[in-house]
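Colleague: So I've got this file, work.txt, and it contains compact mmCIF, C-alpha atoms:
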# COMPACT_ATOMS: atom_id res chain seq x y z
CA MET A 863 -82.92 49.62 46.12
CA LYS A 864 -84.05 46.01 46.58
CA SER A 865 -86.63 45.13 49.20
CA LEU A 866 -85.42 43.69 52.49
CA ASN A 867 -86.95 40.90 54.53
CA PRO A 868 -87.75 42.63 57.88
CA TYR A 869 -87.28 39.34 59.75
CA GLN A 870 -83.80 38.95 58.28
CA VAL A 871 -82.93 42.52 59.25
CA ALA A 872 -84.16 41.91 62.80
CA ALA A 873 -82.16 38.66 63.02
CA TRP A 874 -79.04 40.46 61.78
CA LYS A 875 -79.44 43.17 64.44
CA VAL A 876 -80.11 40.63 67.21
CA VAL A 877 -77.25 38.28 66.31
CA ARG A 878 -74.48 40.65 65.13
CA HIS A 879 -73.39 42.22 68.43
CA PRO A 880 -73.53 39.05 70.58
CA PHE A 881 -71.75 37.23 67.74
CA ARG A 882 -68.93 39.76 67.73
CA PHE A 883 -68.75 40.09 71.53
CA PHE A 884 -68.95 36.44 72.62
CA LEU A 885 -67.26 34.68 69.69
CA ASP A 886 -64.70 37.41 68.93
CA PRO A 887 -64.56 36.21 65.30
CA GLN A 888 -61.79 36.83 62.82
CA VAL A 889 -63.45 38.11 59.64
CA ARG A 890 -61.30 38.37 56.54
CA GLY A 891 -61.96 39.21 52.91
CA GLY A 892 -64.62 41.80 53.67
CA GLU A 893 -63.59 43.71 50.55
CA ASN A 894 -64.72 40.71 48.50
CA ILE A 895 -68.31 41.21 49.71
CA TYR A 896 -68.31 44.71 48.22
CA GLU A 897 -66.66 43.39 45.04
CA ALA A 898 -69.39 40.74 44.73
CA ALA A 899 -72.12 43.36 45.21
CA ALA A 900 -70.52 45.52 42.51
CA LEU A 901 -70.27 42.53 40.16
CA ILE A 902 -73.95 41.59 40.44
CA ARG A 903 -74.79 45.25 39.84
CA GLN A 904 -72.53 45.35 36.79
CA LYS A 905 -73.74 42.05 35.33
CA GLY A 906 -77.40 42.49 36.27
CA ALA A 907 -77.38 38.94 37.61
CA GLY A 908 -78.01 37.16 40.89
CA MET A 909 -75.55 35.69 43.36
CA VAL A 910 -75.10 32.38 45.15
CA ILE A 911 -73.27 32.49 48.49
CA VAL A 912 -71.64 29.09 49.01
CA ALA A 913 -70.19 28.09 52.40
CA ASN A 914 -68.94 24.97 54.14
CA HIS A 915 -71.28 23.79 56.90
CA ILE A 916 -69.91 23.26 60.42
CA SER A 917 -72.93 24.14 62.58
CA ALA A 918 -76.67 24.73 62.37
CA LEU A 919 -76.07 28.41 63.15
CA ASP A 920 -73.81 29.03 60.15
CA PRO A 921 -76.33 31.18 58.21
CA PHE A 922 -76.61 33.55 61.19
CA PHE A 923 -72.84 33.63 61.72
CA VAL A 924 -72.02 34.34 58.06
CA CYS A 925 -74.62 37.09 57.71
CA ALA A 926 -73.63 38.61 61.08
CA ALA A 927 -70.04 38.78 59.81
CA MET A 928 -71.17 40.88 56.84
CA PRO A 929 -71.58 44.67 57.02
CA PHE A 930 -75.12 45.93 56.61
CA SER A 931 -74.51 48.16 53.56
CA PRO A 932 -73.83 45.32 51.05
CA LEU A 933 -76.60 43.25 52.63
CA ARG A 934 -78.99 46.14 52.07
CA GLU A 935 -77.87 46.33 48.44
CA MET A 936 -78.35 42.56 47.97
CA GLY A 937 -81.88 42.66 49.37
CA THR A 938 -83.72 39.60 50.67
CA ILE A 939 -81.60 36.42 50.78
CA THR A 940 -83.15 33.03 50.05
CA PHE A 941 -81.67 30.21 52.14
CA LEU A 942 -81.78 26.68 50.76
CA ALA A 943 -82.54 24.37 53.70
CA LYS A 944 -83.12 20.67 54.29
CA LYS A 945 -86.68 19.37 54.52
CA GLN A 946 -86.32 18.40 58.22
CA LEU A 947 -86.45 22.11 59.09
CA PHE A 948 -90.01 22.24 57.73
CA ASP A 949 -91.44 19.10 59.35
CA LYS A 950 -93.43 20.93 62.05
CA PRO A 951 -95.78 23.90 61.65
CA PHE A 952 -93.87 26.22 64.00
CA LYS A 953 -90.48 25.38 62.47
CA ARG A 954 -91.93 25.86 59.00
CA LEU A 955 -93.33 29.26 59.97
CA VAL A 956 -90.00 30.45 61.41
CA MET A 957 -88.02 29.16 58.43
CA GLU A 958 -90.34 30.77 55.90
CA LYS A 959 -90.29 34.12 57.73
CA LEU A 960 -86.47 34.04 57.67
CA GLY A 961 -86.46 33.38 53.93
CA ALA A 962 -85.63 29.65 53.95
CA VAL A 963 -87.05 27.25 51.36
CA ASP A 964 -87.11 23.45 51.18
CA VAL A 965 -84.39 22.52 48.68
CA ARG A 966 -85.92 19.06 48.09
CA GLN A 967 -89.03 20.44 46.40
CA ARG A 968 -88.93 20.68 42.60
CA SER A 969 -90.81 23.97 42.69
CA THR A 970 -88.06 25.42 44.88
CA LEU A 971 -85.37 24.83 42.26
CA ARG A 972 -87.47 26.47 39.53
CA ARG A 973 -88.17 29.40 41.85
CA VAL A 974 -84.48 29.83 42.74
CA ILE A 975 -83.43 29.85 39.08
CA GLY A 976 -86.02 32.53 38.44
CA GLN A 977 -84.75 34.55 41.38
CA LEU A 978 -81.15 34.37 40.15
CA ARG A 979 -82.28 35.59 36.74
CA GLN A 980 -83.95 38.54 38.46
CA GLY A 981 -80.76 39.44 40.35
CA ASP A 982 -81.62 37.99 43.76
CA VAL A 983 -79.23 36.38 46.26
CA VAL A 984 -79.31 32.73 47.34
CA PHE A 985 -77.42 31.10 50.23
CA LEU A 986 -76.35 27.49 49.69
CA PHE A 987 -74.40 24.85 51.65
CA PRO A 988 -73.00 22.67 48.82
CA GLU A 989 -72.34 19.71 51.15
CA GLY A 990 -76.04 19.45 51.99
CA ARG A 991 -75.40 18.66 55.65
CA VAL A 992 -73.48 19.78 58.74
CA SER A 993 -69.99 18.29 58.87
CA PRO A 994 -69.66 15.90 61.86
CA ASP A 995 -66.02 16.85 62.48
CA GLY A 996 -65.43 20.22 60.80
CA SER A 997 -63.84 18.74 57.67
CA MET A 998 -65.18 19.69 54.26
CA GLY A 999 -67.33 17.17 52.40
CA GLU A 1000 -68.22 16.72 48.75
CA ASP A 1001 -70.23 19.06 46.54
CA GLN A 1002 -73.73 17.67 45.94
CA GLY A 1003 -74.09 19.49 42.61
CA ALA A 1004 -76.64 22.25 43.29
CA LEU A 1005 -74.35 24.98 41.91
CA ARG A 1006 -73.76 22.97 38.71
CA PHE A 1007 -77.53 22.53 38.36
CA PHE A 1008 -78.18 26.27 38.59
CA ALA A 1009 -75.36 26.98 36.11
CA LYS A 1010 -77.15 24.89 33.46
CA TYR A 1011 -79.97 27.42 33.37
CA THR A 1012 -78.59 30.84 34.28
CA SER A 1013 -75.47 32.92 34.89
CA PHE A 1014 -74.65 34.25 38.34
CA VAL A 1015 -71.95 35.40 40.73
CA ALA A 1016 -70.66 32.85 43.25
CA LEU A 1017 -69.23 34.12 46.55
CA PRO A 1018 -67.30 31.37 48.41
CA VAL A 1019 -67.17 31.55 52.21
CA LEU A 1020 -64.93 29.52 54.51
CA ILE A 1021 -66.02 28.97 58.13
CA GLN A 1022 -63.53 27.60 60.66
CA GLY A 1023 -63.22 27.07 64.40
CA ILE A 1024 -65.98 24.57 65.19
CA TYR A 1025 -65.70 20.80 64.94
CA GLY A 1026 -68.90 18.76 65.08
CA GLY A 1027 -71.52 21.49 65.57
CA PHE A 1028 -71.85 24.56 67.77
CA ARG A 1029 -73.87 22.69 70.42
CA LYS A 1030 -70.82 20.53 71.18
CA GLU A 1031 -68.15 23.14 70.59
CA TRP A 1032 -69.41 26.39 72.09
CA LYS A 1033 -67.32 26.18 75.29
CA PRO A 1034 -63.80 26.41 73.78
CA VAL A 1035 -64.99 29.13 71.39
CA LEU A 1036 -66.59 31.26 74.10
CA ALA A 1037 -63.58 30.68 76.37
CA ARG A 1038 -61.34 32.10 73.57
CA ARG A 1039 -59.33 28.87 73.44
CA ARG A 1040 -60.23 28.73 69.78
CA ARG A 1041 -61.01 31.58 67.40
CA PHE A 1042 -64.10 31.41 65.26
CA ARG A 1043 -63.29 32.60 61.77
CA VAL A 1044 -65.15 33.59 58.60
CA ASP A 1045 -63.22 34.19 55.35
CA PHE A 1046 -64.90 35.62 52.25
CA GLY A 1047 -63.22 34.57 49.00
CA LYS A 1048 -63.02 36.39 45.69
CA PRO A 1049 -66.34 36.38 43.81
CA VAL A 1050 -66.49 34.13 40.75
CA TRP A 1051 -68.54 34.87 37.63
CA VAL A 1052 -70.29 31.69 36.44
CA GLU A 1053 -71.57 31.74 32.86
CA ARG A 1054 -74.67 29.81 31.93
CA GLY A 1055 -73.91 26.44 30.36
CA CYS A 1056 -73.06 22.85 31.19
CA HIS A 1057 -70.38 23.19 33.86
CA VAL A 1058 -69.42 19.57 34.46
CA SER A 1059 -66.26 20.58 36.34
CA LEU A 1060 -67.90 23.31 38.46
CA ASP A 1061 -67.32 22.40 42.12
CA ALA A 1062 -68.52 24.72 44.88
CA MET A 1063 -66.48 22.94 47.56
CA ASP A 1064 -63.35 23.40 45.43
CA MET A 1065 -64.07 27.15 45.42
CA ILE A 1066 -64.23 27.09 49.22
CA ARG A 1067 -61.04 25.02 49.48
CA ARG A 1068 -59.25 27.63 47.37
CA VAL A 1069 -60.25 30.22 49.97
CA ALA A 1070 -58.64 27.95 52.59
CA ASP A 1071 -55.46 27.76 50.49
CA SER A 1072 -55.16 31.50 49.84
CA PRO A 1073 -52.21 33.23 51.57
CA SER A 1074 -54.47 35.60 53.51
CA VAL A 1075 -56.17 32.70 55.27
CA LYS A 1076 -53.08 30.91 56.55
CA PRO A 1077 -52.09 29.74 59.09
CA ARG A 1078 -54.94 27.23 59.42
CA LEU A 1079 -56.86 26.99 62.66
CA ARG A 1080 -55.99 23.96 64.74
CA ARG A 1081 -58.28 22.05 67.01
CA ALA A 1082 -57.60 22.72 70.67
CA ALA A 1083 -56.32 19.79 72.67
Give the structure from this file in structure tokens form.
Modeller:
Amino acid sequence: MKSLNPYQVAAWKVVRHPFRFFLDPQVRGGENIYEAAALIRQKGAGMVIVANHISALDPFFVCAAMPFSPLREMGTITFLAKKQLFDKPFKRLVMEKLGAVDVRQRSTLRRVIGQLRQGDVVFLFPEGRVSPDGSMGEDQGALRFFAKYTSFVALPVLIQGIYGGFRKEWKPVLARRRRFRVDFGKPVWVERGCHVSLDAMDMIRRVADSPSVKPRLRRAA
């Protein structure tokens, strides 16, 4: 059994029940989480969770939507975060305790590749920023970069129901005028090599286009 980050376990326990009670989320594709865990076990490789980015709280929401048993099997998750989250000592301390690393540092990329080779799990927002209006942006190429050096499982995740960040949009979600939703797509095996056409955001869009995810959520008037 892989080691767990106790701070991540504590955060999962603290966030999960309020998340489910107040946001009343629709969570679909849960079977794909177990399939992804089985695939990394079968292949002896790591996994990259890729999700669209609609609020600063997305990492908490996605992990809170996952059952604990596959999380326990995955072990500690490394979150790739922007450098602004490390610009003050207290923020840096919190981020590091929760398993976040500064994606802009060269040493981080080398470390992540090593972790994937060892079978660890990495969480990545391919857009590199929070969407200002809930729409999906362009892939910045991190997944393609990792694929040049190692093989891994990619688990695409689609998050819907917030437009422009949770700070602006929490009222209609809490009031149940809009459902918050997390959809886990089918895991994808990515072989090591030069994947010029590999697009993480395209993986997430395919989750949006799958029959189980329709009808799409609409913004409340």
Colleague: Please provide the set of residues having any atom within 7 Å of stretch 909-915 of chain A, restricted to all atoms listed in the file, with same-chain residues fewer than 6 positions apart removed, written as a PDB file with C-alpha atoms, in the frame of the given file.
Modeller:
ATOM      1  CA  ILE A 902     -73.950  41.590  40.440  1.00  0.00           C
ATOM      2  CA  LEU A 978     -81.150  34.370  40.150  1.00  0.00           C
ATOM      3  CA  ASP A 982     -81.620  37.990  43.760  1.00  0.00           C
ATOM      4  CA  VAL A 983     -79.230  36.380  46.260  1.00  0.00           C
ATOM      5  CA  VAL A 984     -79.310  32.730  47.340  1.00  0.00           C
ATOM      6  CA  PHE A 985     -77.420  31.100  50.230  1.00  0.00           C
ATOM      7  CA  LEU A 986     -76.350  27.490  49.690  1.00  0.00           C
ATOM      8  CA  PHE A 987     -74.400  24.850  51.650  1.00  0.00           C
ATOM      9  CA  PRO A 988     -73.000  22.670  48.820  1.00  0.00           C
ATOM     10  CA  GLU A 989     -72.340  19.710  51.150  1.00  0.00           C
ATOM     11  CA  ARG A 991     -75.400  18.660  55.650  1.00  0.00           C
ATOM     12  CA  VAL A 992     -73.480  19.780  58.740  1.00  0.00           C
ATOM     13  CA  SER A 993     -69.990  18.290  58.870  1.00  0.00           C
ATOM     14  CA  MET A 998     -65.180  19.690  54.260  1.00  0.00           C
ATOM     15  CA  PHE A1014     -74.650  34.250  38.340  1.00  0.00           C
ATOM     16  CA  VAL A1015     -71.950  35.400  40.730  1.00  0.00           C
ATOM     17  CA  ALA A1016     -70.660  32.850  43.250  1.00  0.00           C
ATOM     18  CA  LEU A1017     -69.230  34.120  46.550  1.00  0.00           C
ATOM     19  CA  PRO A1018     -67.300  31.370  48.410  1.00  0.00           C
ATOM     20  CA  VAL A1019     -67.170  31.550  52.210  1.00  0.00           C
ATOM     21  CA  LEU A1020     -64.930  29.520  54.510  1.00  0.00           C
ATOM     22  CA  ILE A1021     -66.020  28.970  58.130  1.00  0.00           C
ATOM     23  CA  ALA A1062     -68.520  24.720  44.880  1.00  0.00           C
ATOM     24  CA  ILE A1066     -64.230  27.090  49.220  1.00  0.00           C
TER      25      ILE A1066
END
Colleague: Which residues come within 6 Å of stretch 1040-1044 of chain A, counting all atoms listed in the file, excluding same-chain residues fewer than 4 positions away, as a compact mmCIF listing (two decimals) with C-alpha atoms, in the coordinates of the input?
Modeller:
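Output file part.txt is given in full below:
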# COMPACT_ATOMS: atom_id res chain seq x y z
CA PRO A 887 -64.56 36.21 65.30
CA GLN A 888 -61.79 36.83 62.82
CA VAL A 889 -63.45 38.11 59.64
CA LEU A 1020 -64.93 29.52 54.51
CA ILE A 1021 -66.02 28.97 58.13
CA GLN A 1022 -63.53 27.60 60.66
CA GLY A 1023 -63.22 27.07 64.40
CA PRO A 1034 -63.80 26.41 73.78
CA VAL A 1035 -64.99 29.13 71.39
Colleague: Closest to A:Ser931 among A:Leu955, A:Val871, A:Val974, A:Ala962, using only C-alpha atoms?
Modeller: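 Using only C-alpha atoms, the shortest distance to A:Ser931 belongs to A:Val871.
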Colleague: At what distance in Å, to one decimal, does atom CA of A:Gln1002 lie from atom CA of A:Phe922?
Modeller: 22.2 Å
Colleague: For atom CA of A:Lys953 and atom CA of A:Gly999, quote the distance in Å rounded to one decimal.
Modeller: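 About the pair atom CA of A:Lys953 and atom CA of A:Gly999: they are 26.5 Å apart.
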Colleague: At a cut-off of 10 Å, using all atoms listed in the file, what residues contact A:Glu935? Leave out same-chain residues fewer than 2 positions from it and give the result as a PyMOL selection string.
Modeller: chain A and resi 863-866+896+899-900+903+930-933+937-938
Colleague: Mind writing the picked residues with C-alpha atoms as a short mmCIF file (atom, residue, chain, number, x, y, z; two decimals), in the coordinates of the input?
Modeller:
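Now in part.cif:
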data_model
loop_
_atom_site.label_atom_id
_atom_site.label_comp_id
_atom_site.auth_asym_id
_atom_site.auth_seq_id
_atom_site.Cartn_x
_atom_site.Cartn_y
_atom_site.Cartn_z
CA MET A 863 -82.92 49.62 46.12
CA LYS A 864 -84.05 46.01 46.58
CA SER A 865 -86.63 45.13 49.20
CA LEU A 866 -85.42 43.69 52.49
CA TYR A 896 -68.31 44.71 48.22
CA ALA A 899 -72.12 43.36 45.21
CA ALA A 900 -70.52 45.52 42.51
CA ARG A 903 -74.79 45.25 39.84
CA PHE A 930 -75.12 45.93 56.61
CA SER A 931 -74.51 48.16 53.56
CA PRO A 932 -73.83 45.32 51.05
CA LEU A 933 -76.60 43.25 52.63
CA GLY A 937 -81.88 42.66 49.37
CA THR A 938 -83.72 39.60 50.67
#
Colleague: Can you work out which one of A:Pro880, A:Gly961, A:Gly976, A:Pro868 has the shortest atom-to-atom distance to A:Ala926, counting only C-alpha atoms?
Modeller: A:Pro880
Colleague: From the options A:Trp1051, A:Phe883, A:Phe941, A:Phe923, which residue's atoms come nearest to A:Leu971, counting only C-alpha atoms?
Modeller: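 Distance minimum relative to A:Leu971 lands on A:Phe941.
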Colleague: Would you compute, for all listed atoms of stretch 1058-1073 of chain A, the axis-aligned bounding box grown by 4 Å on each side, and then report its centre and edge lengths in Å rounded to one decimal, as JSON?
Modeller:
{"center_x": -60.8, "center_y": 26.4, "center_z": 43.5, "size_x": 25.2, "size_y": 21.7, "size_z": 26.1}
Colleague: Nearest to A:Glu958: which of A:Asn867, A:Val1069, A:Ala907, A:Ala872 is it, counting all atoms listed in the file?
Modeller: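 Once distances to A:Glu958 are computed over all atoms listed in the file, the minimum belongs to A:Asn867.
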Colleague: Can you measure atom CA of A:Phe1008 to atom CA of A:Lys945 for me? One decimal in Å is fine.
Modeller: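 We find that atom CA of A:Phe1008 and atom CA of A:Lys945 lie 19.3 Å from each other.
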Colleague: Which polymer residues have any atom within 12 Å of an atom of A:Phe1007, counting all atoms listed in the file, with same-chain residues fewer than 2 positions away left out, as a PyMOL selection string?
Modeller: chain A and resi 971-972+974-975+988+1001-1005+1009-1013+1052+1054-1062
Colleague: Restricting the calculation to only C-alpha atoms: of A:Gly981, A:Gly906, A:Pro921, A:Gly990, which residue gets closest to A:Lys944?
Modeller: A:Gly990
Colleague: If we count all atoms listed in the file, what is near A:Ala943 at a cut-off of 6 Å, once residues fewer than 2 positions away on the same chain are taken out, given as a list of chain:residue names?
Modeller: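 Returned residues: A:Val963, A:Asp964, A:Val965.
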Colleague: Pick out the closest residue to A:Gly1047 from this set: A:Leu919, A:Met936, A:Val924, A:Ala1070. Count all atoms listed in the file.
Modeller: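 Closest residue, counting all atoms listed in the file: A:Ala1070.
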